[in-house]
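> Pasting upload.csv below, which is CSV, C-alpha atoms and all ligand atoms.
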chain,number,residue,atom,x,y,z
A,1,MET,CA,0.0,0.0,0.0
A,2,LYS,CA,1.2,3.5,-0.8
A,3,ASP,CA,2.4,5.6,2.2
A,4,ALA,CA,-0.4,8.0,2.8
A,5,LYS,CA,1.9,10.4,4.6
A,6,ALA,CA,2.5,13.7,2.9
A,7,SER,CA,5.9,15.4,3.0
A,8,SER,CA,4.6,18.0,5.4
A,9,GLY,CA,4.1,15.3,8.1
A,10,ARG,CA,0.4,15.5,7.5
A,11,SER,CA,-1.5,12.5,6.1
A,12,ARG,CA,-5.0,12.5,4.6
A,13,PHE,CA,-6.1,11.3,8.0
A,14,GLY,CA,-4.9,14.4,9.8
A,15,PRO,CA,-1.8,16.2,11.1
A,16,GLU,CA,1.2,14.2,12.3
A,17,ILE,CA,1.2,13.0,15.9
A,18,PRO,CA,4.8,12.3,16.7
A,19,LEU,CA,5.9,9.7,19.3
A,20,ILE,CA,7.7,12.4,21.3
A,21,ASP,CA,7.5,16.2,20.8
A,22,LEU,CA,9.5,18.6,23.0
A,23,ARG,CA,8.7,21.6,20.9
A,24,GLN,CA,5.6,22.6,22.8
A,25,GLN,CA,7.3,22.1,26.2
A,26,HIS,CA,10.2,24.3,25.0
A,27,ARG,CA,7.9,27.0,23.6
A,28,ALA,CA,6.2,27.4,26.9
A,29,LEU,CA,9.4,27.4,28.9
A,30,GLN,CA,11.6,29.4,26.5
A,31,PRO,CA,11.7,32.7,28.4
A,32,LYS,CA,12.8,31.0,31.6
A,33,MET,CA,15.2,28.6,29.9
A,34,PHE,CA,16.8,31.4,27.8
A,35,ALA,CA,17.1,33.7,30.9
A,36,ALA,CA,18.8,30.8,32.8
A,37,LEU,CA,21.2,30.1,29.8
A,38,ARG,CA,22.0,33.8,29.5
A,39,GLN,CA,23.0,33.9,33.2
A,40,VAL,CA,25.4,31.0,32.6
A,41,PHE,CA,26.9,32.8,29.7
A,42,ASP,CA,27.1,36.1,31.6
A,43,SER,CA,29.0,34.3,34.4
A,44,SER,CA,30.9,32.1,32.0
A,45,VAL,CA,31.2,29.4,34.6
A,46,PHE,CA,30.5,26.3,32.5
A,47,VAL,CA,31.7,23.5,34.7
A,48,MET,CA,30.6,22.5,38.2
A,49,GLY,CA,29.0,25.9,38.8
A,50,PRO,CA,26.1,27.2,40.9
A,51,ASN,CA,23.4,25.5,38.7
A,52,VAL,CA,24.9,22.0,39.1
A,53,ARG,CA,25.0,22.5,42.9
A,54,ALA,CA,21.5,24.0,43.0
A,55,PHE,CA,20.1,21.3,40.7
A,56,GLU,CA,21.6,18.6,42.9
A,57,GLU,CA,20.0,20.1,46.0
A,58,GLU,CA,16.7,20.5,44.2
A,59,MET,CA,16.7,16.9,42.9
A,60,ALA,CA,17.7,15.5,46.3
A,61,ARG,CA,14.7,17.4,47.8
A,62,PHE,CA,12.4,16.2,45.0
A,63,CYS,CA,13.5,12.6,45.3
A,64,GLU,CA,13.4,12.7,49.1
A,65,VAL,CA,17.0,11.4,49.3
A,66,LYS,CA,20.2,12.6,51.0
A,67,HIS,CA,22.5,12.9,48.0
A,68,ALA,CA,22.0,13.6,44.3
A,69,VAL,CA,25.2,13.8,42.2
A,70,GLY,CA,25.0,15.1,38.7
A,71,VAL,CA,27.0,13.2,36.0
A,72,ALA,CA,27.3,13.3,32.3
A,73,SER,CA,24.7,10.7,31.3
A,74,GLY,CA,22.4,7.9,32.6
A,75,THR,CA,25.0,5.3,31.4
A,76,ASP,CA,27.7,7.0,33.5
A,77,ALA,CA,25.3,7.1,36.5
A,78,LEU,CA,25.1,3.3,36.3
A,79,MET,CA,28.8,2.8,35.7
A,80,LEU,CA,29.9,5.2,38.4
A,81,SER,CA,27.3,3.7,40.9
A,82,LEU,CA,28.7,0.2,40.2
A,83,ALA,CA,32.3,1.5,40.5
A,84,ALA,CA,31.5,3.3,43.7
A,85,LEU,CA,30.1,0.1,45.1
A,86,GLY,CA,33.3,-1.7,44.2
A,87,ILE,CA,32.0,-3.8,41.3
A,88,LYS,CA,35.0,-4.9,39.3
A,89,HIS,CA,36.5,-7.5,36.9
A,90,GLY,CA,35.1,-11.0,37.6
A,91,ASP,CA,32.0,-9.9,39.4
A,92,GLU,CA,28.6,-10.8,38.1
A,93,VAL,CA,25.7,-8.4,38.0
A,94,LEU,CA,22.0,-9.4,37.4
A,95,VAL,CA,20.5,-7.3,34.6
A,96,PRO,CA,17.2,-7.7,32.8
A,97,SER,CA,17.7,-8.7,29.1
A,98,PHE,CA,14.7,-6.6,28.1
A,99,THR,CA,16.1,-3.1,28.6
A,100,TYR,CA,18.3,-0.6,26.8
A,101,THR,CA,21.8,-1.7,26.2
A,102,ALA,CA,23.2,0.9,28.5
A,103,THR,CA,22.1,-1.0,31.6
A,104,ALA,CA,24.4,-4.0,30.7
A,105,ALA,CA,27.1,-1.9,29.0
A,106,ALA,CA,27.8,-0.1,32.3
A,107,VAL,CA,28.5,-3.5,33.9
A,108,CYS,CA,30.9,-4.5,31.0
A,109,HIS,CA,32.8,-1.1,31.1
A,110,LEU,CA,34.0,-2.2,34.6
A,111,GLY,CA,35.1,-5.6,33.4
A,112,ALA,CA,32.2,-7.3,35.2
A,113,ARG,CA,29.8,-9.7,33.7
A,114,PRO,CA,26.1,-9.0,33.1
A,115,VAL,CA,24.0,-12.0,33.8
A,116,PHE,CA,20.7,-11.6,31.9
A,117,VAL,CA,17.4,-12.2,33.7
A,118,ASP,CA,14.0,-12.8,32.1
A,119,CYS,CA,10.9,-10.7,32.6
A,120,LEU,CA,7.8,-11.5,34.6
A,121,PRO,CA,5.3,-13.3,32.3
A,122,HIS,CA,2.7,-10.5,32.6
A,123,GLY,CA,4.8,-7.4,32.7
A,124,PHE,CA,7.8,-5.7,31.2
A,125,ASN,CA,10.1,-5.8,34.3
A,126,LEU,CA,12.6,-8.3,35.7
A,127,ASP,CA,11.4,-11.5,37.2
A,128,PRO,CA,12.8,-11.9,40.7
A,129,ALA,CA,12.4,-15.7,40.7
A,130,ASP,CA,14.4,-15.9,37.5
A,131,ALA,CA,17.0,-13.6,39.1
A,132,GLN,CA,17.3,-15.9,42.1
A,133,ARG,CA,17.9,-19.0,39.9
A,134,ARG,CA,20.9,-17.1,38.3
A,135,ILE,CA,22.7,-16.1,41.5
A,136,THR,CA,26.2,-17.6,41.9
A,137,ALA,CA,29.1,-17.1,44.3
A,138,ARG,CA,30.3,-14.3,42.1
A,139,THR,CA,27.0,-12.3,42.0
A,140,ARG,CA,27.5,-8.9,43.6
A,141,ALA,CA,24.7,-6.7,42.5
A,142,ILE,CA,21.3,-6.5,40.8
A,143,ILE,CA,20.0,-3.7,38.5
A,144,PRO,CA,16.2,-3.5,38.5
A,145,VAL,CA,15.1,-1.3,35.6
A,146,HIS,CA,11.8,0.6,36.1
A,147,LEU,CA,11.1,0.1,32.4
A,148,TYR,CA,8.7,2.5,30.6
A,149,GLY,CA,8.1,4.3,34.0
A,150,GLU,CA,6.7,1.4,36.0
A,151,ALA,CA,8.3,0.2,39.2
A,152,ALA,CA,10.0,-3.2,39.1
A,153,ALA,CA,8.9,-5.9,41.7
A,154,MET,CA,10.8,-4.1,44.4
A,155,ALA,CA,9.5,-6.1,47.5
A,156,GLU,CA,10.9,-9.3,46.1
A,157,ILE,CA,14.0,-7.7,44.6
A,158,LEU,CA,15.0,-6.0,47.9
A,159,ALA,CA,14.3,-9.3,49.9
A,160,LEU,CA,16.4,-11.3,47.4
A,161,ALA,CA,19.3,-8.7,47.6
A,162,GLN,CA,19.2,-8.7,51.4
A,163,HIS,CA,19.2,-12.5,51.5
A,164,HIS,CA,22.2,-12.8,49.1
A,165,ASP,CA,24.0,-9.7,50.2
A,166,LEU,CA,23.7,-8.0,46.8
A,167,TYR,CA,23.9,-4.3,46.0
A,168,VAL,CA,20.7,-2.9,44.4
A,169,VAL,CA,21.4,-0.3,41.7
A,170,GLU,CA,18.1,1.1,40.4
A,171,ASP,CA,17.9,2.1,36.7
A,172,VAL,CA,15.5,5.0,36.9
A,173,ALA,CA,16.3,6.4,33.4
A,174,GLN,CA,12.7,5.9,32.3
A,175,ALA,CA,10.9,6.6,35.6
A,176,ALA,CA,11.9,10.0,37.1
A,177,GLY,CA,9.2,11.0,39.5
A,178,GLY,CA,7.7,7.5,39.8
A,179,ARG,CA,7.0,5.8,43.1
A,180,TRP,CA,6.8,2.4,44.7
A,181,GLU,CA,4.7,2.1,47.8
A,182,GLY,CA,4.8,5.8,48.2
A,183,LYS,CA,8.6,6.0,48.1
A,184,MET,CA,10.4,7.7,45.2
A,185,LEU,CA,12.0,5.4,42.7
A,186,GLY,CA,15.8,5.8,42.9
A,187,THR,CA,15.8,5.8,46.7
A,188,LEU,CA,15.0,2.1,47.4
A,189,GLY,CA,18.3,0.5,46.5
A,190,HIS,CA,21.9,1.6,47.3
A,191,THR,CA,21.8,4.0,44.3
A,192,GLY,CA,19.4,5.3,41.8
A,193,CYS,CA,20.5,6.2,38.3
A,194,PHE,CA,18.7,8.9,36.3
A,195,SER,CA,19.0,9.9,32.7
A,196,PHE,CA,18.1,13.4,31.3
A,197,TYR,CA,18.3,12.3,27.7
A,198,PRO,CA,15.7,14.3,25.7
A,199,THR,CA,13.2,11.4,25.5
A,200,LYS,CA,12.9,11.0,29.3
A,201,ASN,CA,10.3,12.3,31.7
A,202,LEU,CA,12.8,15.0,32.8
A,203,ALA,CA,14.3,15.8,29.5
A,204,GLY,CA,17.5,17.9,29.1
A,205,CYS,CA,18.6,19.5,25.9
A,206,GLY,CA,21.4,17.1,25.4
A,207,GLU,CA,23.0,14.6,27.7
A,208,GLY,CA,22.9,14.4,31.5
A,209,GLY,CA,22.5,12.0,34.4
A,210,MET,CA,22.4,11.7,38.1
A,211,VAL,CA,23.1,9.3,40.9
A,212,THR,CA,20.9,9.4,44.0
A,213,THR,CA,21.9,7.7,47.3
A,214,ASN,CA,21.4,7.9,51.1
A,215,ASP,CA,24.9,6.6,51.6
A,216,ASP,CA,27.5,9.3,52.4
A,217,ASP,CA,30.5,7.2,51.3
A,218,VAL,CA,29.0,6.1,48.0
A,219,ALA,CA,28.0,9.7,47.2
A,220,ASP,CA,31.5,10.9,47.9
A,221,ARG,CA,33.0,8.1,45.8
A,222,VAL,CA,30.8,9.1,42.9
A,223,ARG,CA,31.8,12.7,43.3
A,224,LEU,CA,35.4,11.7,43.3
A,225,LEU,CA,35.1,9.4,40.3
A,226,ARG,CA,33.1,11.8,38.1
A,227,GLN,CA,35.9,14.4,38.4
A,228,GLN,CA,39.0,12.4,37.4
A,229,GLY,CA,39.5,11.0,40.9
A,230,ASP,CA,40.5,14.5,42.1
A,231,ALA,CA,40.5,14.8,45.9
A,232,ALA,CA,39.3,18.4,45.6
A,233,ALA,CA,35.9,17.0,44.6
A,234,VAL,CA,35.5,15.7,48.2
A,235,GLY,CA,37.2,18.4,50.1
A,236,GLY,CA,40.8,17.3,49.7
A,237,SER,CA,43.8,18.8,47.8
A,238,LYS,CA,43.6,19.8,44.1
A,239,TYR,CA,45.5,17.6,41.8
A,240,ALA,CA,45.8,14.8,44.4
A,241,HIS,CA,44.3,11.7,42.8
A,242,PRO,CA,43.4,8.9,45.3
A,243,ALA,CA,41.6,7.1,42.5
A,244,VAL,CA,41.6,6.7,38.7
A,245,GLY,CA,38.4,8.5,37.8
A,246,TYR,CA,36.5,9.7,34.7
A,247,ASN,CA,35.4,12.9,33.2
A,248,SER,CA,31.7,12.7,33.8
A,249,ARG,CA,30.4,16.0,35.2
A,250,LEU,CA,26.9,17.2,34.6
A,251,ASP,CA,27.1,20.3,32.3
A,252,GLU,CA,26.3,23.6,33.8
A,253,LEU,CA,24.1,24.6,30.8
A,254,GLN,CA,22.1,21.4,31.1
A,255,ALA,CA,21.7,21.9,34.9
A,256,ALA,CA,20.4,25.4,34.2
A,257,ILE,CA,17.9,24.0,31.8
A,258,LEU,CA,16.9,21.1,34.0
A,259,ARG,CA,16.3,23.5,36.9
A,260,THR,CA,13.6,25.3,34.9
A,261,LYS,CA,11.9,22.0,34.1
A,262,LEU,CA,12.0,20.1,37.5
A,263,PRO,CA,9.2,22.2,39.0
A,264,HIS,CA,6.9,20.9,36.2
A,265,LEU,CA,7.9,17.2,36.4
A,266,GLU,CA,5.0,16.1,38.6
A,267,SER,CA,2.3,17.8,36.5
A,268,TRP,CA,3.9,16.5,33.3
A,269,ASN,CA,3.8,13.0,34.8
A,270,GLY,CA,0.1,13.6,35.8
A,271,PHE,CA,-0.7,14.4,32.1
A,272,ARG,CA,1.0,11.2,31.0
A,273,GLN,CA,-1.1,9.3,33.5
A,274,GLU,CA,-4.3,11.0,32.2
A,275,HIS,CA,-3.4,9.9,28.6
A,276,ALA,CA,-2.7,6.4,29.9
A,277,ARG,CA,-6.2,6.3,31.5
A,278,GLN,CA,-7.8,7.5,28.3
A,279,TYR,CA,-5.9,4.9,26.2
A,280,CYS,CA,-6.8,2.1,28.6
A,281,SER,CA,-10.5,3.1,28.7
A,282,ARG,CA,-10.7,3.4,24.8
A,283,LEU,CA,-8.7,0.2,24.1
A,284,LYS,CA,-9.9,-2.1,27.0
A,285,ASP,CA,-12.0,-4.4,24.8
A,286,SER,CA,-9.7,-4.3,21.8
A,287,GLY,CA,-7.7,-7.5,22.4
A,288,ILE,CA,-4.5,-5.4,22.4
A,289,GLY,CA,-2.3,-5.9,25.4
A,290,LEU,CA,-2.2,-2.8,27.6
A,291,PRO,CA,0.2,-1.7,30.3
A,292,ALA,CA,-0.7,-1.7,33.9
A,293,LEU,CA,-3.0,1.2,34.9
A,294,SER,CA,-1.5,3.0,37.8
A,295,ARG,CA,-4.2,3.9,40.4
A,296,ASP,CA,-1.8,5.5,42.9
A,297,GLY,CA,0.3,7.7,40.5
A,298,SER,CA,3.3,5.4,40.8
A,299,HIS,CA,3.6,4.6,37.0
A,300,VAL,CA,4.9,7.6,35.2
A,301,TYR,CA,4.6,6.4,31.6
A,302,CYS,CA,7.8,7.5,30.1
A,303,LEU,CA,6.5,5.2,27.4
A,304,PHE,CA,3.0,3.8,26.8
A,305,THR,CA,3.7,0.4,25.4
A,306,LEU,CA,1.2,-2.0,23.8
A,307,ARG,CA,1.6,-5.7,23.2
A,308,CYS,CA,0.1,-7.3,20.1
A,309,ALA,CA,0.9,-10.3,17.8
A,310,GLN,CA,0.5,-8.2,14.6
A,311,ARG,CA,2.8,-5.5,16.0
A,312,ASP,CA,4.5,-4.7,12.7
A,313,GLU,CA,1.1,-4.3,10.9
A,314,VAL,CA,-0.2,-2.0,13.6
A,315,LYS,CA,3.0,0.1,13.3
A,316,GLY,CA,2.5,0.3,9.5
A,317,HIS,CA,-1.2,1.2,9.9
A,318,LEU,CA,-0.3,4.0,12.4
A,319,ARG,CA,2.5,5.2,10.2
A,320,GLU,CA,0.1,5.7,7.3
A,321,ARG,CA,-1.9,7.9,9.6
A,322,SER,CA,1.1,9.9,10.5
A,323,ILE,CA,1.2,8.6,14.1
A,324,GLY,CA,4.6,8.0,15.5
A,325,THR,CA,5.5,4.7,17.2
A,326,GLU,CA,8.7,3.0,18.2
A,327,ILE,CA,9.8,-0.5,19.2
A,328,TYR,CA,11.6,-0.5,22.6
A,329,TYR,CA,13.3,-3.0,22.1
A,330,PRO,CA,13.3,-5.2,19.0
A,331,LEU,CA,15.9,-7.7,20.2
A,332,PRO,CA,16.6,-8.6,23.9
A,333,LEU,CA,20.2,-8.0,25.0
A,334,HIS,CA,21.0,-11.7,25.5
A,335,LEU,CA,20.7,-12.1,21.7
A,336,GLN,CA,22.6,-8.9,20.7
A,337,GLU,CA,25.9,-9.3,18.9
A,338,ALA,CA,27.6,-7.2,21.6
A,339,TYR,CA,26.8,-9.8,24.3
A,340,ARG,CA,27.3,-13.0,22.2
A,341,TYR,CA,30.5,-13.7,24.1
A,342,LEU,CA,28.3,-14.5,27.1
A,343,GLY,CA,27.0,-17.6,25.3
A,344,TYR,CA,23.2,-17.1,25.5
A,345,GLN,CA,21.0,-18.9,22.9
A,346,GLU,CA,17.6,-18.2,21.4
A,347,GLY,CA,15.0,-19.6,23.8
A,348,ASP,CA,17.1,-18.9,26.9
A,349,LEU,CA,14.9,-16.0,28.1
A,350,PRO,CA,11.5,-16.7,26.4
A,351,VAL,CA,9.4,-13.9,27.9
A,352,SER,CA,12.0,-11.2,26.8
A,353,GLU,CA,12.1,-12.8,23.3
A,354,THR,CA,8.2,-12.7,23.0
A,355,LEU,CA,8.1,-9.1,24.3
A,356,SER,CA,10.6,-8.0,21.7
A,357,ALA,CA,8.4,-9.4,19.0
A,358,GLN,CA,5.2,-7.8,20.3
A,359,VAL,CA,5.9,-4.4,21.9
A,360,LEU,CA,4.9,-1.1,20.4
A,361,SER,CA,5.1,2.3,22.1
A,362,ILE,CA,2.6,5.0,21.1
A,363,PRO,CA,2.6,8.7,21.8
A,364,VAL,CA,2.1,9.7,25.5
A,365,TYR,CA,4.0,12.9,25.9
A,366,PRO,CA,2.4,15.4,28.3
A,367,GLU,CA,1.3,18.0,25.8
A,368,LEU,CA,-0.8,15.7,23.8
A,369,THR,CA,-4.5,16.7,23.7
A,370,SER,CA,-7.3,14.3,24.6
A,371,GLU,CA,-8.4,14.7,20.9
A,372,GLN,CA,-5.0,13.4,19.8
A,373,VAL,CA,-5.1,10.5,22.2
A,374,ASP,CA,-8.6,9.8,20.8
A,375,ARG,CA,-7.3,9.8,17.3
A,376,VAL,CA,-4.5,7.4,18.1
A,377,SER,CA,-7.0,5.1,19.9
A,378,GLU,CA,-9.4,5.3,17.0
A,379,ALA,CA,-6.7,4.4,14.5
A,380,ILE,CA,-5.8,1.3,16.6
A,381,LEU,CA,-9.5,0.3,16.9
A,382,GLU,CA,-9.9,0.7,13.2
A,383,PHE,CA,-7.0,-1.7,12.7
A,384,VAL,CA,-8.5,-4.2,15.2
A,385,HIS,CA,-12.0,-4.1,13.6
A,386,GLY,CA,-10.6,-4.3,10.1
A,387,ARG,CA,-8.6,-7.4,11.1
A,388,ALA,CA,-11.7,-8.9,12.7
A,389,ARG,CA,-13.7,-8.3,9.6
A,390,ILE,CA,-11.1,-10.0,7.4
A,391,GLU,CA,-10.9,-13.0,9.8
A,392,THR,CA,-14.7,-13.3,9.8
A,393,GLU,CA,-14.8,-13.1,6.0
A,394,GLU,CA,-12.1,-15.8,5.7
A,395,ALA,CA,-14.0,-18.0,8.2
A,396,ILE,CA,-17.2,-17.8,6.2
A,397,GLY,CA,-15.3,-18.4,2.9
A,398,ARG,CA,-16.0,-15.1,1.2
B,401,LIG,C1,16.6,2.0,30.7
B,401,LIG,C2,17.8,2.9,30.4
B,401,LIG,N1,18.9,2.8,31.1
B,401,LIG,C3,20.0,3.6,30.8
B,401,LIG,C4,19.9,4.6,29.8
B,401,LIG,C5,21.1,5.4,29.5
B,401,LIG,O1,20.9,6.8,29.7
B,401,LIG,P1,21.8,7.8,28.8
B,401,LIG,O2,21.3,7.8,27.4
B,401,LIG,O3,21.5,9.1,29.5
B,401,LIG,O4,23.2,7.4,29.0
B,401,LIG,C6,18.7,4.7,29.1
B,401,LIG,C7,18.6,5.8,28.1
B,401,LIG,O5,18.1,5.6,27.0
B,401,LIG,C8,17.6,3.9,29.4
B,401,LIG,O6,16.5,4.0,28.7
Please express what this file holds, its structure, as structure tokens.
Ligand SMILES: Cc1ncc(COP(=O)(O)O)c(C=O)c1O

Amino acid sequence: MKDAKASSGRSRFGPEIPLIDLRQQHRALQPKMFAALRQVFDSSVFVMGPNVRAFEEEMARFCEVKHAVGVASGTDALMLSLAALGIKHGDEVLVPSFTYTATAAAVCHLGARPVFVDCLPHGFNLDPADAQRRITARTRAIIPVHLYGEAAAMAEILALAQHHDLYVVEDVAQAAGGRWEGKMLGTLGHTGCFSFYPTKNLAGCGEGGMVTTNDDDVADRVRLLRQQGDAAAVGGSKYAHPAVGYNSRLDELQAAILRTKLPHLESWNGFRQEHARQYCSRLKDSGIGLPALSRDGSHVYCLFTLRCAQRDEVKGHLRERSIGTEIYYPLPLHLQEAYRYLGYQEGDLPVSETLSAQVLSIPVYPELTSEQVDRVSEAILEFVHGRARIETEEAIGR
């Protein structure tokens, strides 16, 4: 079928609805953002300036945690957390296979070995029972990822970690502002690792990340490591290096931008939740797999992800209608070329493999209107009903 999308981004079905669109957010915040950027330029303090310090304090308050340490990216937040906890060559770290590669790459960068864990059969997050089966004498840590904005099974994960003396490093890249049993995600384990990549709930205008922790020593270790292991980072002498560190500071310009956005995060997450409720209500009888509906505001829907057997056809159907979608993620990590050396085979983590064949994320960004959510829902229902008609016609032999 010919692609109905016109070059303007508009199709004969209506204007484009992209998967993610930061332009409206930025139009609304532009005066504040530009004033904040101008102040940075006027001061010309571009590295570890007052905005980084203030943003760290504001994030610590927002997350209800003792320390928040800004770093260069979410990947670095994971890597520096693991390094600060002493994870090293030869250690094993439990990681979900169904996540972004950064979760496992951070483990590999330290010479440690990611041990892939399957997902719960009826969700997108790590299965604690499968994690337990994969624990060995070398296992030192577990990384629960709060995928798509939904808390992992933290009661079981924390109990497992306590029983086996494992560090818990939460990957909160997709769940800023989310909660579990009323507590902020990123404060339940030893560290929480945030990303401010532009597709996240708290979106920077470039790269950025943060480590949260209630442990003074771990916080200081991350501060030391992000700044080339310079003792000055933790109150010691400049150019004295007790550790080999990294260059992984949060940029002052990003911190200035993120400070203008943080006060809006809760209301933006509220809009995401409203869209999720509308999708769930419109699609509840469609036969399409829907994500869990959060009744207590805990799921913050960085992504609203459907499950369906005809995923690629649904994606094509929506593309023709200028509706943006994405597959997060089309191949689980245990089957990626990068991790082939670990020796996993197809069939080893069956739930992750099925999810990769079925998931499809649809637009859920805060500034969507309810009419746009309705249009996306209608387009999905149109696909489902068209499919049902074809199946009925085939059954009666037309
Ligand atoms: C689950 C998850 N973990 C880690 C990361 C890495 O964050 P960053 O891109 O800021 O390095 C991402 C970012 O896409 C992510 O989605």
> Name the closest residue to ligand LIG 401 (chain B) among the candidates A:Leu120, A:Val95, A:Ile17, A:Ala256; distances are taken between atoms, counting all atoms listed in the file.
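Among A:Leu120, A:Val95, A:Ile17, A:Ala256, it is A:Val95 that comes nearest to ligand LIG 401 (chain B).
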> Identify which of the residues A:His67, A:His334, A:Arg27, A:Arg340 lies closest to Asp220 of chain A, counting only C-alpha atoms when measuring atom-to-atom distances.
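The shortest atom-to-atom distance to Asp220 of chain A comes from A:His67.
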> Can you tell me which residues sit at most 8 Å away from ligand LIG 401 (chain B), counting all atoms listed in the file, written as a short mmCIF file (atom, residue, chain, number, x, y, z; two decimals) with C-alpha atoms, in the frame of the given file?

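Final file, result-v1.cif:
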data_model
loop_
_atom_site.label_atom_id
_atom_site.label_comp_id
_atom_site.auth_asym_id
_atom_site.auth_seq_id
_atom_site.Cartn_x
_atom_site.Cartn_y
_atom_site.Cartn_z
CA ALA A 72 27.30 13.30 32.30
CA SER A 73 24.70 10.70 31.30
CA GLY A 74 22.40 7.90 32.60
CA THR A 75 25.00 5.30 31.40
CA ASP A 76 27.70 7.00 33.50
CA ALA A 77 25.30 7.10 36.50
CA LEU A 78 25.10 3.30 36.30
CA THR A 99 16.10 -3.10 28.60
CA TYR A 100 18.30 -0.60 26.80
CA THR A 101 21.80 -1.70 26.20
CA ALA A 102 23.20 0.90 28.50
CA THR A 103 22.10 -1.00 31.60
CA VAL A 145 15.10 -1.30 35.60
CA HIS A 146 11.80 0.60 36.10
CA LEU A 147 11.10 0.10 32.40
CA TYR A 148 8.70 2.50 30.60
CA ASP A 171 17.90 2.10 36.70
CA VAL A 172 15.50 5.00 36.90
CA ALA A 173 16.30 6.40 33.40
CA GLN A 174 12.70 5.90 32.30
CA CYS A 193 20.50 6.20 38.30
CA PHE A 194 18.70 8.90 36.30
CA SER A 195 19.00 9.90 32.70
CA PHE A 196 18.10 13.40 31.30
CA TYR A 197 18.30 12.30 27.70
CA THR A 199 13.20 11.40 25.50
CA LYS A 200 12.90 11.00 29.30
CA GLU A 207 23.00 14.60 27.70
CA GLY A 208 22.90 14.40 31.50
CA GLY A 209 22.50 12.00 34.40
#
> What does the structure give for the distance between atom CA of Arg321 of chain A and atom CA of Ile362 of chain A, in Å to one decimal?
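Atom CA of Ile362 of chain A lies 12.7 Å from atom CA of Arg321 of chain A.
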> Grab the atom CA of Arg10 of chain A to atom CA of Lys315 of chain A distance for me, in Å with one decimal place.
16.7 Å
> When you look at Ile327 of chain A with a cut-off of 12 Å (counting only C-alpha atoms), what residues show up, excluding the ones that are within fewer than 5 positions of it in the same chain? I need them as a compact mmCIF listing (two decimals) with C-alpha atoms, in the coordinates of the input.

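That gives us around20.txt:
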# COMPACT_ATOMS: atom_id res chain seq x y z
CA LEU A 19 5.90 9.70 19.30
CA PHE A 98 14.70 -6.60 28.10
CA THR A 99 16.10 -3.10 28.60
CA TYR A 100 18.30 -0.60 26.80
CA TYR A 148 8.70 2.50 30.60
CA LEU A 303 6.50 5.20 27.40
CA PHE A 304 3.00 3.80 26.80
CA THR A 305 3.70 0.40 25.40
CA LEU A 306 1.20 -2.00 23.80
CA ARG A 307 1.60 -5.70 23.20
CA CYS A 308 0.10 -7.30 20.10
CA ARG A 311 2.80 -5.50 16.00
CA ASP A 312 4.50 -4.70 12.70
CA VAL A 314 -0.20 -2.00 13.60
CA LYS A 315 3.00 0.10 13.30
CA PRO A 332 16.60 -8.60 23.90
CA LEU A 355 8.10 -9.10 24.30
CA SER A 356 10.60 -8.00 21.70
CA ALA A 357 8.40 -9.40 19.00
CA GLN A 358 5.20 -7.80 20.30
CA VAL A 359 5.90 -4.40 21.90
CA LEU A 360 4.90 -1.10 20.40
CA SER A 361 5.10 2.30 22.10
CA ILE A 362 2.60 5.00 21.10
CA PRO A 363 2.60 8.70 21.80
> As a PDB file with C-alpha atoms, in the coordinates of the input, please: the residues near segment 221-232 of chain A (cut-off 6 Å, all atoms listed in the file, same-chain neighbours under 6 positions excluded).

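The file below, result.pdb, is the result:
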ATOM      1  CA  ALA A  84      31.500   3.300  43.700  1.00  0.00           C
ATOM      2  CA  LYS A 238      43.600  19.800  44.100  1.00  0.00           C
ATOM      3  CA  TYR A 239      45.500  17.600  41.800  1.00  0.00           C
ATOM      4  CA  ALA A 240      45.800  14.800  44.400  1.00  0.00           C
ATOM      5  CA  HIS A 241      44.300  11.700  42.800  1.00  0.00           C
ATOM      6  CA  ALA A 243      41.600   7.100  42.500  1.00  0.00           C
ATOM      7  CA  VAL A 244      41.600   6.700  38.700  1.00  0.00           C
ATOM      8  CA  GLY A 245      38.400   8.500  37.800  1.00  0.00           C
ATOM      9  CA  TYR A 246      36.500   9.700  34.700  1.00  0.00           C
ATOM     10  CA  ASN A 247      35.400  12.900  33.200  1.00  0.00           C
ATOM     11  CA  SER A 248      31.700  12.700  33.800  1.00  0.00           C
ATOM     12  CA  ARG A 249      30.400  16.000  35.200  1.00  0.00           C
TER      13      ARG A 249
END
> Between atom CA of Phe55 of chain A and atom CA of Ala255 of chain A, what is the distance in Å, rounded to a tenth?
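Computed distance, atom CA of Phe55 of chain A to atom CA of Ala255 of chain A, equals 6.0 Å.
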> Name the residues in contact with Leu22 of chain A at a cut-off of 9 Å, using only C-alpha atoms, excluding same-chain residues fewer than 3 positions from it; report them as a ChimeraX atom specification.
/A:25-27,198-199,203,365,367
> Could those selected residues go to a file with C-alpha atoms, as a CSV table (one decimal), in the frame of the given file?

chain,number,residue,atom,x,y,z
A,25,GLN,CA,7.3,22.1,26.2
A,26,HIS,CA,10.2,24.3,25.0
A,27,ARG,CA,7.9,27.0,23.6
A,198,PRO,CA,15.7,14.3,25.7
A,199,THR,CA,13.2,11.4,25.5
A,203,ALA,CA,14.3,15.8,29.5
A,365,TYR,CA,4.0,12.9,25.9
A,367,GLU,CA,1.3,18.0,25.8
> Show which residues sit within 7 Å of Ala379 of chain A, as a PyMOL selection string. Count only C-alpha atoms, and ignore same-chain residues fewer than 4 positions away.
chain A and resi 318+375+383
> Selected residues, C-alpha atoms, written as a JSON list (two decimals), keeping the file's coordinate frame, please.

[["chain", "number", "residue", "atom", "x", "y", "z"],
["A", 318, "LEU", "CA", -0.30, 4.00, 12.40],
["A", 375, "ARG", "CA", -7.30, 9.80, 17.30],
["A", 383, "PHE", "CA", -7.00, -1.70, 12.70]]
